[in-house]
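What's in data00.cif: mmCIF, C-alpha atoms and all ligand atoms
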data_input
#
loop_
_atom_site.label_atom_id
_atom_site.label_comp_id
_atom_site.auth_asym_id
_atom_site.auth_seq_id
_atom_site.Cartn_x
_atom_site.Cartn_y
_atom_site.Cartn_z
CA MET A 1 24.65 -3.77 26.22
CA ASN A 2 23.22 -4.71 22.82
CA VAL A 3 24.97 -4.24 19.52
CA LEU A 4 23.21 -0.95 18.70
CA GLU A 5 23.97 0.52 22.10
CA ARG A 6 27.68 -0.05 21.45
CA GLU A 7 27.45 2.54 18.71
CA LEU A 8 26.46 5.13 21.31
CA HIS A 9 28.62 6.53 24.06
CA TYR A 10 27.74 6.84 27.73
CA PRO A 11 30.12 9.49 29.14
CA LEU A 12 29.29 8.58 32.74
CA GLY A 13 29.78 4.85 32.19
CA ASP A 14 27.58 2.84 34.52
CA THR A 15 27.33 5.56 37.15
CA LEU A 16 23.74 6.14 38.29
CA PRO A 17 22.41 8.56 40.90
CA ALA A 18 21.53 6.65 44.10
CA PRO A 19 17.92 7.01 45.30
CA GLY A 20 17.41 10.36 46.99
CA THR A 21 20.59 11.87 45.49
CA SER A 22 21.53 13.58 42.23
CA ILE A 23 24.54 13.87 39.93
CA GLU A 24 25.67 17.15 38.38
CA LEU A 25 25.95 16.74 34.58
CA ALA A 26 26.78 20.34 33.72
CA PRO A 27 26.84 23.57 35.75
CA GLY A 28 23.36 23.82 37.30
CA VAL A 29 22.01 20.65 35.68
CA ARG A 30 21.42 17.65 37.93
CA TRP A 31 20.19 14.12 37.20
CA LEU A 32 18.05 12.06 39.52
CA ARG A 33 16.35 8.73 39.04
CA MET A 34 13.24 7.23 40.61
CA ALA A 35 11.92 3.67 40.68
CA LEU A 36 8.76 2.70 38.77
CA PRO A 37 6.69 -0.43 39.56
CA PHE A 38 6.47 -1.43 35.86
CA ALA A 39 8.51 -3.43 33.36
CA LEU A 40 10.13 -0.07 32.65
CA ASP A 41 11.51 0.16 36.18
CA HIS A 42 12.84 3.73 36.46
CA ILE A 43 12.52 7.28 35.18
CA ASN A 44 15.15 10.02 34.97
CA LEU A 45 14.22 13.48 36.24
CA TRP A 46 16.21 16.70 35.99
CA LEU A 47 16.90 19.66 38.25
CA LEU A 48 17.91 22.95 36.62
CA ARG A 49 19.34 25.79 38.70
CA ASP A 50 17.05 28.75 38.20
CA GLN A 51 16.36 32.32 39.26
CA ILE A 52 13.03 34.08 38.84
CA ASP A 53 12.45 37.73 39.88
CA GLY A 54 15.63 37.67 41.93
CA GLN A 55 14.62 34.50 43.77
CA ASP A 56 17.15 31.66 43.50
CA GLY A 57 15.82 28.13 43.23
CA TRP A 58 15.30 25.17 40.93
CA THR A 59 13.20 24.15 37.97
CA VAL A 60 12.18 20.51 38.05
CA VAL A 61 11.76 18.62 34.76
CA ASP A 62 9.30 15.68 35.07
CA CYS A 63 7.80 14.29 38.24
CA CYS A 64 7.32 10.48 38.55
CA ILE A 65 3.97 8.77 39.31
CA ALA A 66 1.82 9.66 42.30
CA ARG A 67 2.68 7.25 45.10
CA ASP A 68 4.15 7.50 48.58
CA GLU A 69 7.54 6.04 47.58
CA SER A 70 8.11 8.78 45.00
CA ARG A 71 6.95 11.53 47.37
CA ALA A 72 9.37 10.23 50.03
CA GLN A 73 12.21 10.23 47.51
CA TRP A 74 11.39 13.80 46.49
CA GLU A 75 11.51 14.86 50.14
CA GLN A 76 15.02 13.41 50.35
CA ILE A 77 15.98 15.42 47.28
CA PHE A 78 14.47 18.58 48.75
CA SER A 79 16.44 18.26 51.96
CA GLY A 80 19.74 17.07 50.49
CA GLU A 81 20.12 18.30 46.92
CA LEU A 82 18.60 21.78 46.57
CA GLN A 83 21.17 23.74 48.63
CA GLY A 84 18.31 24.97 50.80
CA LEU A 85 16.58 26.62 47.83
CA PRO A 86 12.96 26.18 46.73
CA VAL A 87 11.50 24.64 43.61
CA LEU A 88 10.30 27.58 41.51
CA ARG A 89 8.50 25.80 38.67
CA VAL A 90 7.75 22.37 37.23
CA ILE A 91 8.23 21.49 33.55
CA VAL A 92 6.58 18.34 32.24
CA THR A 93 7.69 16.92 28.89
CA HIS A 94 4.41 15.07 28.27
CA MET A 95 1.25 13.71 29.85
CA HIS A 96 2.25 10.11 30.57
CA PRO A 97 1.84 9.15 34.25
CA ASP A 98 5.55 8.62 35.00
CA HIS A 99 6.20 12.19 33.84
CA ILE A 100 3.20 14.10 35.15
CA GLY A 101 1.87 12.01 38.07
CA LEU A 102 3.24 14.18 40.87
CA ALA A 103 3.00 17.56 39.11
CA HIS A 104 0.01 18.55 41.20
CA TRP A 105 1.75 17.58 44.42
CA LEU A 106 5.03 19.31 43.47
CA CYS A 107 3.32 22.57 42.45
CA ALA A 108 1.18 22.60 45.60
CA ARG A 109 4.15 21.65 47.82
CA TRP A 110 6.17 24.65 46.55
CA SER A 111 3.50 27.32 46.05
CA THR A 112 3.34 29.99 48.73
CA PRO A 113 0.91 32.89 49.21
CA GLU A 114 3.59 35.17 47.73
CA ARG A 115 4.74 32.98 44.86
CA GLU A 116 3.00 30.31 42.82
CA CYS A 117 5.01 27.32 41.62
CA PRO A 118 3.54 26.85 38.10
CA LEU A 119 3.33 23.87 35.77
CA LEU A 120 4.80 24.35 32.28
CA ILE A 121 3.62 21.90 29.60
CA SER A 122 2.19 21.86 26.06
CA ALA A 123 -1.49 22.77 25.95
CA THR A 124 -2.43 19.54 24.17
CA ASP A 125 -0.88 17.36 26.84
CA TYR A 126 -2.25 19.47 29.67
CA HIS A 127 -5.83 19.19 28.46
CA LEU A 128 -5.65 15.47 27.77
CA ALA A 129 -4.08 14.87 31.18
CA ARG A 130 -6.92 16.87 32.77
CA ILE A 131 -9.45 14.57 31.10
CA GLY A 132 -7.55 11.44 32.13
CA SER A 133 -7.06 12.48 35.72
CA ALA A 134 -10.66 13.62 36.14
CA GLY A 135 -11.98 10.17 36.92
CA VAL A 136 -12.81 6.65 35.87
CA ASN A 137 -14.24 7.68 32.51
CA GLY A 138 -10.92 9.23 31.53
CA PHE A 139 -9.31 6.79 29.11
CA GLY A 140 -9.80 3.20 28.08
CA GLY A 141 -12.72 1.15 29.35
CA ASP A 142 -15.49 0.18 26.90
CA SER A 143 -14.21 2.31 24.08
CA ALA A 144 -10.67 0.85 24.27
CA ALA A 145 -12.11 -2.67 24.47
CA ALA A 146 -14.25 -2.11 21.35
CA PHE A 147 -11.30 -0.57 19.52
CA PHE A 148 -8.95 -3.47 20.26
CA ALA A 149 -11.71 -5.97 19.41
CA ALA A 150 -12.13 -4.30 16.00
CA HIS A 151 -8.40 -4.90 15.52
CA GLY A 152 -8.68 -8.59 16.34
CA LEU A 153 -8.10 -8.83 20.09
CA ILE A 154 -11.23 -10.87 20.76
CA ASP A 155 -10.17 -13.07 23.66
CA PRO A 156 -12.96 -12.37 26.24
CA VAL A 157 -10.62 -12.40 29.26
CA SER A 158 -8.34 -9.71 27.80
CA ILE A 159 -11.28 -7.63 26.61
CA GLU A 160 -12.89 -7.74 30.06
CA LYS A 161 -9.62 -6.72 31.72
CA ILE A 162 -9.21 -3.80 29.32
CA ARG A 163 -12.78 -2.75 30.06
CA GLN A 164 -11.96 -2.69 33.78
CA ARG A 165 -8.84 -0.57 33.35
CA ALA A 166 -10.80 2.65 32.80
CA GLY A 167 -9.47 4.18 36.05
CA TYR A 168 -5.83 3.32 35.41
CA TYR A 169 -4.59 6.79 34.42
CA HIS A 170 -6.45 8.44 37.28
CA SER A 171 -4.83 6.03 39.77
CA LEU A 172 -1.36 7.24 38.71
CA VAL A 173 -2.30 10.88 38.05
CA PRO A 174 -4.98 11.66 40.63
CA ASP A 175 -4.99 15.41 40.11
CA LEU A 176 -3.47 18.28 38.15
CA PRO A 177 -2.88 21.97 38.84
CA ARG A 178 -5.94 24.01 37.79
CA SER A 179 -3.80 26.18 35.51
CA PHE A 180 -0.63 25.91 33.46
CA GLN A 181 1.86 27.86 31.37
CA ARG A 182 1.87 26.81 27.76
CA LEU A 183 5.04 25.52 26.07
CA MET A 184 5.20 25.56 22.26
CA ASP A 185 7.72 24.56 19.63
CA GLY A 186 10.43 27.20 19.28
CA ASP A 187 9.76 28.88 22.64
CA SER A 188 12.90 29.96 24.46
CA LEU A 189 12.92 29.54 28.23
CA GLN A 190 15.45 31.39 30.33
CA ILE A 191 16.36 29.03 33.16
CA GLY A 192 19.04 30.46 35.43
CA ASP A 193 21.99 31.52 33.25
CA GLN A 194 20.89 29.41 30.28
CA ALA A 195 18.37 29.62 27.47
CA TRP A 196 16.53 26.38 26.64
CA ARG A 197 14.61 25.94 23.39
CA CYS A 198 11.39 23.90 23.21
CA ILE A 199 11.25 21.26 20.47
CA SER A 200 7.86 19.64 19.92
CA GLY A 201 7.59 15.96 19.08
CA TYR A 202 4.64 13.88 17.95
CA GLY A 203 3.68 10.22 17.77
CA HIS A 204 4.49 9.22 21.36
CA ALA A 205 2.34 11.76 23.21
CA PRO A 206 0.00 14.38 21.76
CA GLU A 207 2.56 17.22 21.94
CA HIS A 208 5.77 16.19 23.65
CA ILE A 209 8.23 18.97 24.48
CA SER A 210 11.99 18.34 24.50
CA LEU A 211 14.39 21.06 25.65
CA TYR A 212 17.71 21.97 24.05
CA CYS A 213 20.35 24.24 25.57
CA GLU A 214 22.89 25.45 23.03
CA GLN A 215 25.27 26.91 25.65
CA LEU A 216 25.58 23.55 27.42
CA ASN A 217 24.99 21.45 24.29
CA LEU A 218 22.42 19.40 26.23
CA LEU A 219 19.16 17.91 24.99
CA ILE A 220 16.51 16.89 27.51
CA GLY A 221 14.99 14.36 25.16
CA GLY A 222 12.15 13.05 27.32
CA ASP A 223 10.71 9.93 25.72
CA MET A 224 11.40 11.12 22.16
CA MET A 225 15.06 10.04 22.18
CA LEU A 226 15.85 6.92 24.23
CA PRO A 227 19.18 5.09 23.90
CA ARG A 228 18.22 1.45 24.49
CA ILE A 229 14.53 0.88 23.87
CA SER A 230 12.45 2.27 21.03
CA THR A 231 9.83 4.81 22.06
CA ASN A 232 6.29 3.47 22.28
CA VAL A 233 4.28 4.67 19.30
CA SER A 234 0.63 3.64 19.53
CA VAL A 235 -2.81 4.23 18.04
CA PHE A 236 -5.55 4.66 20.69
CA ASP A 237 -9.32 4.50 20.57
CA MET A 238 -9.64 8.27 21.01
CA GLU A 239 -8.01 8.85 17.60
CA PRO A 240 -8.58 5.54 15.78
CA GLU A 241 -7.24 6.61 12.37
CA ALA A 242 -4.03 8.21 13.62
CA ASN A 243 -0.62 7.73 11.99
CA PRO A 244 1.71 8.12 14.99
CA LEU A 245 4.66 6.21 13.51
CA ARG A 246 4.88 8.71 10.63
CA LEU A 247 4.65 11.56 13.13
CA PHE A 248 7.33 10.05 15.36
CA LEU A 249 9.82 9.45 12.54
CA ASP A 250 9.28 12.97 11.17
CA SER A 251 9.70 14.42 14.67
CA ILE A 252 13.00 12.75 15.52
CA ASP A 253 14.44 14.11 12.27
CA LYS A 254 14.20 17.57 13.85
CA PHE A 255 17.00 16.54 16.23
CA LYS A 256 19.36 16.14 13.24
CA ALA A 257 19.76 19.92 13.29
CA LEU A 258 21.49 19.65 16.71
CA PRO A 259 25.27 19.15 16.93
CA ALA A 260 26.51 15.58 16.57
CA ASP A 261 28.20 15.74 19.99
CA THR A 262 25.04 16.82 21.86
CA LEU A 263 24.70 15.09 25.22
CA THR A 264 21.17 13.64 25.26
CA LEU A 265 19.40 13.22 28.60
CA PRO A 266 16.73 10.55 28.07
CA SER A 267 13.82 9.79 30.41
CA HIS A 268 14.82 6.13 30.54
CA GLY A 269 18.38 4.77 30.33
CA LYS A 270 21.60 6.78 30.70
CA PRO A 271 22.77 10.12 29.27
CA PHE A 272 24.42 9.44 25.92
CA THR A 273 26.15 10.95 22.92
CA GLY A 274 25.65 9.68 19.39
CA LEU A 275 22.37 11.46 18.73
CA HIS A 276 22.63 11.32 14.94
CA ARG A 277 23.49 7.63 14.99
CA ARG A 278 20.53 6.96 17.29
CA ILE A 279 18.16 8.74 14.90
CA GLU A 280 19.43 6.48 12.08
CA GLN A 281 19.05 3.39 14.28
CA LEU A 282 15.43 4.23 15.05
CA HIS A 283 14.64 4.77 11.35
CA ALA A 284 16.30 1.43 10.53
CA HIS A 285 14.42 -0.32 13.35
CA HIS A 286 11.02 0.82 12.12
CA ARG A 287 11.94 0.27 8.45
CA ASP A 288 12.68 -3.39 9.32
CA ARG A 289 9.45 -3.76 11.33
CA LEU A 290 7.41 -2.22 8.49
CA ALA A 291 8.98 -4.64 6.00
CA GLU A 292 8.05 -7.59 8.24
CA VAL A 293 4.48 -6.33 8.64
CA LEU A 294 4.13 -5.84 4.87
CA GLN A 295 5.48 -9.34 4.27
CA ALA A 296 3.01 -10.87 6.76
CA CYS A 297 0.10 -9.06 5.11
CA THR A 298 1.25 -10.31 1.70
CA GLU A 299 0.99 -13.90 2.91
CA LYS A 300 -2.60 -13.40 4.16
CA PRO A 301 -4.80 -10.42 5.13
CA CYS A 302 -3.76 -9.59 8.71
CA SER A 303 -5.40 -7.88 11.67
CA ALA A 304 -3.30 -6.00 14.24
CA ALA A 305 -3.67 -9.00 16.57
CA ASP A 306 -2.24 -11.27 13.83
CA ILE A 307 0.79 -8.95 13.65
CA LEU A 308 1.65 -9.21 17.37
CA PRO A 309 3.92 -12.30 17.03
CA VAL A 310 5.59 -10.67 14.00
CA LEU A 311 6.54 -7.55 15.96
CA PHE A 312 6.98 -9.06 19.42
CA LYS A 313 8.88 -12.32 19.62
CA ARG A 314 8.36 -12.67 23.40
CA GLN A 315 5.31 -13.66 25.47
CA LEU A 316 3.26 -10.60 26.49
CA ASP A 317 1.17 -10.03 29.62
CA LEU A 318 -2.05 -8.00 29.37
CA HIS A 319 -0.42 -4.64 30.13
CA GLN A 320 2.19 -5.33 27.46
CA THR A 321 -0.46 -6.64 25.06
CA THR A 322 -2.36 -3.34 25.11
CA PHE A 323 0.85 -1.43 24.37
CA ALA A 324 1.76 -3.99 21.72
CA MET A 325 -1.67 -3.75 20.05
CA GLY A 326 -1.29 0.02 19.85
CA GLU A 327 2.15 -0.41 18.24
CA SER A 328 0.90 -3.07 15.88
CA ILE A 329 -1.93 -0.80 14.66
CA ALA A 330 0.60 2.06 14.34
CA HIS A 331 2.76 -0.01 11.96
CA LEU A 332 -0.26 -1.13 9.92
CA HIS A 333 -1.53 2.45 9.72
CA ALA A 334 1.86 3.78 8.55
CA LEU A 335 1.70 1.37 5.61
CA TRP A 336 -2.03 1.85 5.02
CA LEU A 337 -1.89 5.65 5.04
CA ALA A 338 1.17 5.56 2.75
CA GLY A 339 -0.90 3.59 0.24
CA ARG A 340 1.07 0.35 0.68
CA LEU A 341 -1.74 -1.60 2.39
CA HIS A 342 -5.46 -1.73 1.82
CA ARG A 343 -7.83 -1.91 4.82
CA GLN A 344 -11.10 -3.80 4.91
CA ARG A 345 -13.45 -5.10 7.61
CA ASP A 346 -14.05 -8.85 7.47
CA PRO A 347 -17.50 -10.42 8.12
CA GLN A 348 -16.72 -10.42 11.89
CA GLY A 349 -16.09 -6.67 11.76
CA ILE A 350 -12.32 -7.01 12.22
CA TYR A 351 -10.01 -4.72 10.26
CA ARG A 352 -7.73 -6.71 7.97
CA PHE A 353 -4.89 -5.30 5.93
CA SER A 354 -3.65 -6.64 2.58
CA PRO A 355 -1.29 -5.29 -0.11
CA ALA A 356 -2.77 -2.29 -1.91
ZN ZN B 401 5.96 8.64 27.63
#
Re-express the file's structure as structure tokens.
Ligand SMILES: [Zn+2]
Amino acid sequence: MNVLERELHYPLGDTLPAPGTSIELAPGVRWLRMALPFALDHINLWLLRDQIDGQDGWTVVDCCIARDESRAQWEQIFSGELQGLPVLRVIVTHMHPDHIGLAHWLCARWSTPERECPLLISATDYHLARIGSAGVNGFGGDSAAAFFAAHGLIDPVSIEKIRQRAGYYHSLVPDLPRSFQRLMDGDSLQIGDQAWRCISGYGHAPEHISLYCEQLNLLIGGDMMLPRISTNVSVFDMEPEANPLRLFLDSIDKFKALPADTLTLPSHGKPFTGLHRRIEQLHAHHRDRLAEVLQACTEKPCSAADILPVLFKRQLDLHQTTFAMGESIAHLHALWLAGRLHRQRDPQGIYRFSPA
């Protein structure tokens, strides 16, 4: 546990749900956890006891990536943890593969001729996920390679690997339901005996939806409020002039309106209290990073690639480098779009940032 984590509180200690099982956190709210084959090695998913048109069942929040291991684990959950009741609907917080990968499978698995099991998600994330899952021209590829090259990642091996990753999203999210129910900021969802309010968040995904239940004082934070790691905030080739760090920091401030003792259920890590402290920690974290980036650009005009060792003290593999480049550009853009840095292309066509 790092020094910042000690300022938070984990009411369940080190208890984690074993694979294929779940832990009840509040009446009708259950926590399960599935393995991921990435550096980020797990995701938390939630089961909410529900009733729709007199039919008892469950709402699932988030899905895990599409692969046999996760489907097998879901089957264990279905047979052991649902009290013999069906899944009635699937809520997805945002379009990243670990959250939406199995949405298609879950909705199909639980739809019957009498009753459809729908997907609930923001419209922005649904549509982008549809594009990404549609095939190898979804995201990345040539356009991502050109974008990273313009930000100084010119090593030919990395650029070629990025070019070849065009089918990556599709491999983890092979399909999506053909229709969805739209979630928007401020919407109230009646789930079983409880009302849950949708809170939109920006900067990590196009339109991330967190859910807050006042009766239970629970926040399903998704990836917008993580206890240990800072949420990935990246600029991508599809929106090359974006300012996601500004959006992220503005978005997390919305959680300040929730009670200080709210139990936050994050997508990665353990349920925690100390929400207000965590918001302050994240502001401090990015304030420090921005100061370091500004300092580096004061010493010499820097590209995003030049900033990588400033932001990331460890060695990065290619997968991590693409994330890191996105984060590096996000920090430069926050300063540039606030008027602190000036942006110019050098004779090689690489964007370099210097004090404004
Ligand atoms: Zn995410």
Practice problem: Would you kindly return, as a list in words, each protein, DNA or RNA residue with an atom no farther than 7 Å from any atom of Gly339 in chain A, considering all atoms listed in the file and excluding same-chain residues fewer than 3 positions away? | Solution: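 So the residues in contact are Leu335, Trp336 and Ala356 of chain A.
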Report the closest atom pair, with its distance in Å rounded to one decimal, for each residue of chain A that has an atom no farther than 9 Å from ligand ZN 401 (chain B); count only C-alpha atoms and all ligand atoms, sort by chain and then rising residue number, and write it as a Markdown table.
| residue | atom | partner | partner_atom | distance |
| --- | --- | --- | --- | --- |
| A:Thr93 | CA | B:ZN401 | ZN | 8.6 |
| A:His94 | CA | B:ZN401 | ZN | 6.6 |
| A:Met95 | CA | B:ZN401 | ZN | 7.3 |
| A:His96 | CA | B:ZN401 | ZN | 5.0 |
| A:Pro97 | CA | B:ZN401 | ZN | 7.8 |
| A:Asp98 | CA | B:ZN401 | ZN | 7.4 |
| A:His99 | CA | B:ZN401 | ZN | 7.2 |
| A:His204 | CA | B:ZN401 | ZN | 6.5 |
| A:Ala205 | CA | B:ZN401 | ZN | 6.5 |
| A:His208 | CA | B:ZN401 | ZN | 8.5 |
| A:Gly222 | CA | B:ZN401 | ZN | 7.6 |
| A:Asp223 | CA | B:ZN401 | ZN | 5.3 |
| A:Met224 | CA | B:ZN401 | ZN | 8.1 |
| A:Thr231 | CA | B:ZN401 | ZN | 7.8 |
| A:Asn232 | CA | B:ZN401 | ZN | 7.4 |
| A:Ser267 | CA | B:ZN401 | ZN | 8.4 |
Quiz item: In Å, with one decimal, what is the gap from CA of Asp125 in chain A to CA of Asp62 in chain A?
Solution: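 Answer for the CA of Asp125 in chain A to CA of Asp62 in chain A separation: 13.2 Å.
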Quiz prompt | For His342 in chain A, the nearest of the candidates A:Leu294, A:Trp105, A:Met238, A:Val310, counting only C-alpha atoms | solution =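 Smallest separation from His342 in chain A among the options: A:Leu294.
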Report the closest atom pair, with its distance in Å rounded to one decimal, for each residue of range 242-282 of chain A that has an atom no farther than 8 Å from range 36-56 of chain A; count all atoms listed in the file, sort by chain and then rising residue number, and write it as a Markdown table.
| residue | atom | partner | partner_atom | distance |
| --- | --- | --- | --- | --- |
| A:Pro266 | CA | A:Asn44 | CA | 7.1 |
| A:Ser267 | CA | A:Asn44 | CA | 4.8 |
| A:His268 | CA | A:Ile43 | CA | 5.3 |
| A:Gly269 | CA | A:Asn44 | CA | 7.7 |
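Between CA of Phe272 in chain A and CA of Pro11 in chain A there is a distance of 6.5 Å.
Residues in contact with Leu258 in chain A at up to 12 Å, not including ones fewer than 2 positions away on its chain and judged by only C-alpha atoms, are Arg197, Ile199, Leu211, Tyr212, Cys213, Glu214, Asn217, Leu218, Leu219, Gly221, Ile252, Asp253, Lys254, Phe255, Lys256, Ala260, Asp261, Thr262, Leu263, Thr264, Thr273, Gly274, Leu275, His276 and Ile279 of chain A.
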Practice problem: Calculate how many Å separate CA of Val92 in chain A from CA of Ile209 in chain A, rounding to one decimal. | Solution: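 Answer for the CA of Val92 in chain A to CA of Ile209 in chain A separation: 8.0 Å.
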Practice problem: Give the answer as one residue: which of A:Pro27, A:Pro19, A:Gly13, A:Gly57 has the shortest atom-to-atom distance to Leu216 in chain A, using all atoms listed in the file? | Solution: A:Pro27
Practice problem: Measuring atom to atom with all atoms listed in the file, identify which of A:Pro227, A:Gln215, A:His151, A:Arg246 is nearest to Asp346 in chain A. | Solution: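 Closest residue, counting all atoms listed in the file: A:His151.
Taking only C-alpha atoms into account, His127 in chain A lies nearest to A:Pro206 out of the set A:Gly84, A:Gly140, A:Gly167, A:Pro206.
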Self-check item: 10 Å contact set for Trp31 in chain A, all atoms listed in the file, chain neighbours under 5 positions out, as a PyMOL selection string
Solution: chain A and resi 16-17+21-26+44-48+61+265+270-271
Practice problem: Please tell me which residues are no farther than 12 Å from (7.7, 6.3, 47.6) in the file, counting all atoms listed in the file, and write them as a PyMOL selection string. | Solution: chain A and resi 19-20+34-37+64-76+102
Quiz prompt | Shortest interatomic distance to Leu120 in chain A - which of A:Thr59, A:Pro174, A:Ala166, A:Lys161, counting only C-alpha atoms | solution = A:Thr59
Complete range 185-202 of chain A with N, CA, C and O atoms (output as a CSV table (one decimal), keeping the file's coordinate frame).
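Writing done, so here's out_16.csv:
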chain,number,residue,atom,x,y,z
A,185,ASP,N,6.5,24.7,20.4
A,185,ASP,CA,7.7,24.6,19.6
A,185,ASP,C,8.4,25.9,19.3
A,185,ASP,O,7.7,26.9,19.0
A,186,GLY,N,9.7,26.0,19.6
A,186,GLY,CA,10.4,27.2,19.3
A,186,GLY,C,10.5,28.2,20.4
A,186,GLY,O,11.3,29.1,20.4
A,187,ASP,N,9.7,28.0,21.5
A,187,ASP,CA,9.8,28.9,22.6
A,187,ASP,C,11.2,28.8,23.2
A,187,ASP,O,11.8,27.7,23.3
A,188,SER,N,11.6,30.0,23.7
A,188,SER,CA,12.9,30.0,24.5
A,188,SER,C,12.6,30.2,25.9
A,188,SER,O,11.9,31.2,26.3
A,189,LEU,N,13.1,29.4,26.8
A,189,LEU,CA,12.9,29.5,28.2
A,189,LEU,C,14.2,29.9,28.9
A,189,LEU,O,15.2,29.2,28.7
A,190,GLN,N,14.2,31.0,29.6
A,190,GLN,CA,15.4,31.4,30.3
A,190,GLN,C,15.4,30.7,31.7
A,190,GLN,O,14.5,30.9,32.5
A,191,ILE,N,16.3,29.8,31.9
A,191,ILE,CA,16.4,29.0,33.2
A,191,ILE,C,17.7,29.3,33.8
A,191,ILE,O,18.7,28.8,33.3
A,192,GLY,N,17.8,30.1,34.9
A,192,GLY,CA,19.0,30.5,35.4
A,192,GLY,C,19.8,31.2,34.4
A,192,GLY,O,19.4,32.1,33.7
A,193,ASP,N,21.1,30.8,34.2
A,193,ASP,CA,22.0,31.5,33.2
A,193,ASP,C,21.8,31.1,31.8
A,193,ASP,O,22.4,31.6,30.9
A,194,GLN,N,21.0,30.0,31.6
A,194,GLN,CA,20.9,29.4,30.3
A,194,GLN,C,19.5,29.6,29.6
A,194,GLN,O,18.5,29.7,30.3
A,195,ALA,N,19.6,29.6,28.3
A,195,ALA,CA,18.4,29.6,27.5
A,195,ALA,C,18.1,28.2,27.0
A,195,ALA,O,19.1,27.5,26.5
A,196,TRP,N,16.9,27.7,27.1
A,196,TRP,CA,16.5,26.4,26.6
A,196,TRP,C,15.4,26.5,25.6
A,196,TRP,O,14.5,27.3,25.8
A,197,ARG,N,15.6,25.8,24.5
A,197,ARG,CA,14.6,25.9,23.4
A,197,ARG,C,13.7,24.7,23.4
A,197,ARG,O,14.1,23.6,23.5
A,198,CYS,N,12.4,25.0,23.3
A,198,CYS,CA,11.4,23.9,23.2
A,198,CYS,C,11.3,23.3,21.8
A,198,CYS,O,11.3,24.0,20.8
A,199,ILE,N,11.4,22.0,21.7
A,199,ILE,CA,11.2,21.3,20.5
A,199,ILE,C,10.1,20.3,20.6
A,199,ILE,O,10.1,19.4,21.4
A,200,SER,N,9.0,20.5,19.8
A,200,SER,CA,7.9,19.6,19.9
A,200,SER,C,8.1,18.3,19.2
A,200,SER,O,8.9,18.3,18.2
A,201,GLY,N,7.5,17.3,19.7
A,201,GLY,CA,7.6,16.0,19.1
A,201,GLY,C,6.3,15.3,19.1
A,201,GLY,O,5.5,15.4,20.1
A,202,TYR,N,6.0,14.5,18.1
A,202,TYR,CA,4.6,13.9,18.0
A,202,TYR,C,4.8,12.4,17.8
A,202,TYR,O,5.9,11.9,17.5
